[in-house]
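Before any comments, here is the structure.
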Amino acid sequence: MFLIERGRISLTLPVQLQGREVDLMVEEKVAGQMVGWSALIPPHRFTLKAVAPVEAELLVLSRDALLEHFGTYSDVAYVVTRNIAAVVGQRLQVFQAMWLRQMQRVVEQHAA
């Protein structure tokens with residue numbers, strides 16, 4: 001996982017559009033926020049592309065070190081897990097809205 005200490009990180013979804021890859025903006029994270037929560041959630045696969053559009057400084061937190069810390073401090077593990085669940089829920093809402101917009105376009109094209 002990465003803690004953004006300075007700058008911002010754009011999280012995008014790479015998609016194929018008319019034969020080329022385009023990055024669709026999903027969200028931006030700023031100083032004090034985390035990216036890379038998939039490091040803690042199996043199957044440990046990144047789902048979005050992360051790019052720093054401006055100079056940024058990040059603190060790297062290794063999965064093993066975090067899991068060891070969580071094993072010692074279960075209250076910290078609980079807070080982190082709750083925050084990850086909130087991020088996943090928010091991300092699900094973003095993707096649901098994107099999917100609904102696309103479905104509306106498809107329906108409108110078929111109705112025309």
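Each chain in the structure tokens gets a letter, A, B and so on, in the order shown; residues start at 1 in every chain, and ligands are counted from 1 in the order they appear.
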
Which residues of region 36-68 of chain A come within 6 Å of region 7-18 of chain A, and for each one, what is the closest pair of atoms and their distance in Å to one decimal, counting only C-alpha atoms, sorted by chain and residue number, as JSON lines?
{"residue": "A:Leu48", "atom": "CA", "partner": "A:Leu13", "partner_atom": "CA", "distance": 5.2}
{"residue": "A:Lys49", "atom": "CA", "partner": "A:Thr12", "partner_atom": "CA", "distance": 5.1}
{"residue": "A:Ala50", "atom": "CA", "partner": "A:Leu11", "partner_atom": "CA", "distance": 4.7}
{"residue": "A:Val51", "atom": "CA", "partner": "A:Ser10", "partner_atom": "CA", "distance": 5.2}
{"residue": "A:Ala52", "atom": "CA", "partner": "A:Ile9", "partner_atom": "CA", "distance": 4.6}
{"residue": "A:Glu55", "atom": "CA", "partner": "A:Gly7", "partner_atom": "CA", "distance": 5.8}
{"residue": "A:Ala56", "atom": "CA", "partner": "A:Gly7", "partner_atom": "CA", "distance": 4.2}

Practice prompt. Please provide as a PyMOL selection string all residues within 7 Å of Leu40 (chain A), with the sequence filter that same-chain residues fewer than 3 positions apart are discarded (counting only C-alpha atoms).
Written response: chain A and resi 37+44+63

Discussion item. Taking the DSSP secondary structure from the backbone, can you list the residues of region 18-78 of chain A that are alpha helix (DSSP H), as an MDAnalysis selection string?
Written reply: chainID A and resid 63:72 74:78

Worksheet item: Do you know which residues are at most 10 Å from Asp64 (chain A) counting only C-alpha atoms, after dropping those on the same chain fewer than 4 positions away, and could you put them as a PyMOL selection string?
Response: chain A and resi 39-40+68-70

Writer output for current selection, N, CA, C and O atoms, as an mmCIF file, in the first residue's frame:
data_model
loop_
_atom_site.group_PDB
_atom_site.id
_atom_site.type_symbol
_atom_site.label_atom_id
_atom_site.label_comp_id
_atom_site.auth_asym_id
_atom_site.auth_seq_id
_atom_site.Cartn_x
_atom_site.Cartn_y
_atom_site.Cartn_z
ATOM 1 N N ALA A 39 -3.285 -4.661 -2.051
ATOM 2 C CA ALA A 39 -2.158 -5.353 -1.422
ATOM 3 C C ALA A 39 -2.616 -6.173 -0.220
ATOM 4 O O ALA A 39 -2.001 -7.178 0.127
ATOM 5 N N LEU A 40 -3.724 -5.769 0.395
ATOM 6 C CA LEU A 40 -4.226 -6.471 1.581
ATOM 7 C C LEU A 40 -5.383 -7.409 1.286
ATOM 8 O O LEU A 40 -5.763 -8.214 2.134
ATOM 9 N N GLU A 68 1.764 -8.027 9.949
ATOM 10 C CA GLU A 68 2.395 -8.275 11.247
ATOM 11 C C GLU A 68 1.898 -7.256 12.278
ATOM 12 O O GLU A 68 1.566 -7.611 13.410
ATOM 13 N N HIS A 69 1.824 -6.001 11.871
ATOM 14 C CA HIS A 69 1.324 -4.942 12.766
ATOM 15 C C HIS A 69 -0.131 -5.208 13.157
ATOM 16 O O HIS A 69 -0.500 -5.074 14.323
ATOM 17 N N PHE A 70 -0.936 -5.605 12.185
ATOM 18 C CA PHE A 70 -2.346 -5.906 12.461
ATOM 19 C C PHE A 70 -2.484 -7.078 13.429
ATOM 20 O O PHE A 70 -3.402 -7.109 14.237
#

Discussion item. Can you tell me which residues surround Arg6 (chain A) at a distance of at most 9 Å, considering only C-alpha atoms, apart from same-chain residues fewer than 6 positions away, and format the answer as a VMD selection string?
Written reply: chain A and resid 30 to 32 55 to 58

Item to complete: Can you check which residues of chain A DSSP gives as strand (DSSP E or B) on the backbone and send them as a PyMOL selection string?
Response: chain A and resi 2-6+8-17+20-30+34-35+49-51+57-60

Residue contacts of Phe2 (chain A) (6 Å, only C-alpha atoms) excluding same-chain residues fewer than 5 positions away, as a short mmCIF file (atom, residue, chain, number, x, y, z; two decimals) with all heavy atoms, in the first residue's frame:
data_model
loop_
_atom_site.label_atom_id
_atom_site.label_comp_id
_atom_site.auth_asym_id
_atom_site.auth_seq_id
_atom_site.Cartn_x
_atom_site.Cartn_y
_atom_site.Cartn_z
N MET A 34 -4.67 6.85 0.96
CA MET A 34 -3.94 5.65 0.58
C MET A 34 -4.37 5.18 -0.80
O MET A 34 -5.52 5.39 -1.20
CB MET A 34 -4.23 4.51 1.57
CG MET A 34 -3.98 4.84 3.02
SD MET A 34 -2.26 4.85 3.47
CE MET A 34 -1.83 3.15 3.36
N VAL A 35 -3.46 4.51 -1.48
CA VAL A 35 -3.77 3.79 -2.71
C VAL A 35 -3.12 2.42 -2.62
O VAL A 35 -2.17 2.21 -1.86
CB VAL A 35 -3.29 4.54 -3.99
CG1 VAL A 35 -4.04 5.84 -4.18
CG2 VAL A 35 -1.79 4.80 -3.95
N LEU A 58 5.34 9.39 -1.99
CA LEU A 58 4.55 8.34 -1.37
C LEU A 58 5.40 7.55 -0.39
O LEU A 58 6.59 7.35 -0.61
CB LEU A 58 4.00 7.39 -2.44
CG LEU A 58 3.04 8.04 -3.42
CD1 LEU A 58 3.70 8.25 -4.76
CD2 LEU A 58 1.81 7.20 -3.55
N LEU A 59 4.74 7.08 0.66
CA LEU A 59 5.37 6.18 1.61
C LEU A 59 4.90 4.78 1.29
O LEU A 59 3.69 4.53 1.20
CB LEU A 59 4.96 6.56 3.04
CG LEU A 59 5.45 5.66 4.16
CD1 LEU A 59 6.97 5.71 4.27
CD2 LEU A 59 4.80 6.07 5.47
N VAL A 60 5.83 3.85 1.10
CA VAL A 60 5.51 2.47 0.76
C VAL A 60 5.34 1.68 2.06
O VAL A 60 6.21 1.72 2.93
CB VAL A 60 6.62 1.83 -0.09
CG1 VAL A 60 6.29 0.38 -0.41
CG2 VAL A 60 6.85 2.62 -1.35
N LEU A 61 4.21 0.98 2.16
CA LEU A 61 3.94 0.13 3.32
C LEU A 61 3.83 -1.31 2.82
O LEU A 61 2.92 -1.62 2.07
CB LEU A 61 2.65 0.57 4.01
CG LEU A 61 2.61 2.02 4.46
CD1 LEU A 61 1.20 2.44 4.82
CD2 LEU A 61 3.55 2.23 5.63
#

Fill in: Gln33 (chain A) environment, 7 Å, only C-alpha atoms, sequence neighbours closer than 3 positions dropped, as an MDAnalysis selection string
chainID A and resid 3:4 29:30

Those residues with N, CA and C atoms, as a short mmCIF file (atom, residue, chain, number, x, y, z; two decimals), in the first residue's frame please?
data_model
loop_
_atom_site.label_atom_id
_atom_site.label_comp_id
_atom_site.auth_asym_id
_atom_site.auth_seq_id
_atom_site.Cartn_x
_atom_site.Cartn_y
_atom_site.Cartn_z
N LEU A 3 0.96 5.42 1.05
CA LEU A 3 0.38 6.61 1.68
C LEU A 3 0.90 7.82 0.90
N ILE A 4 -0.02 8.64 0.42
CA ILE A 4 0.37 9.83 -0.33
C ILE A 4 0.77 10.90 0.68
N LYS A 29 -6.70 10.74 -5.61
CA LYS A 29 -6.37 10.68 -4.19
C LYS A 29 -5.32 11.75 -3.91
N VAL A 30 -5.38 12.32 -2.71
CA VAL A 30 -4.48 13.42 -2.34
C VAL A 30 -3.71 13.08 -1.07
#
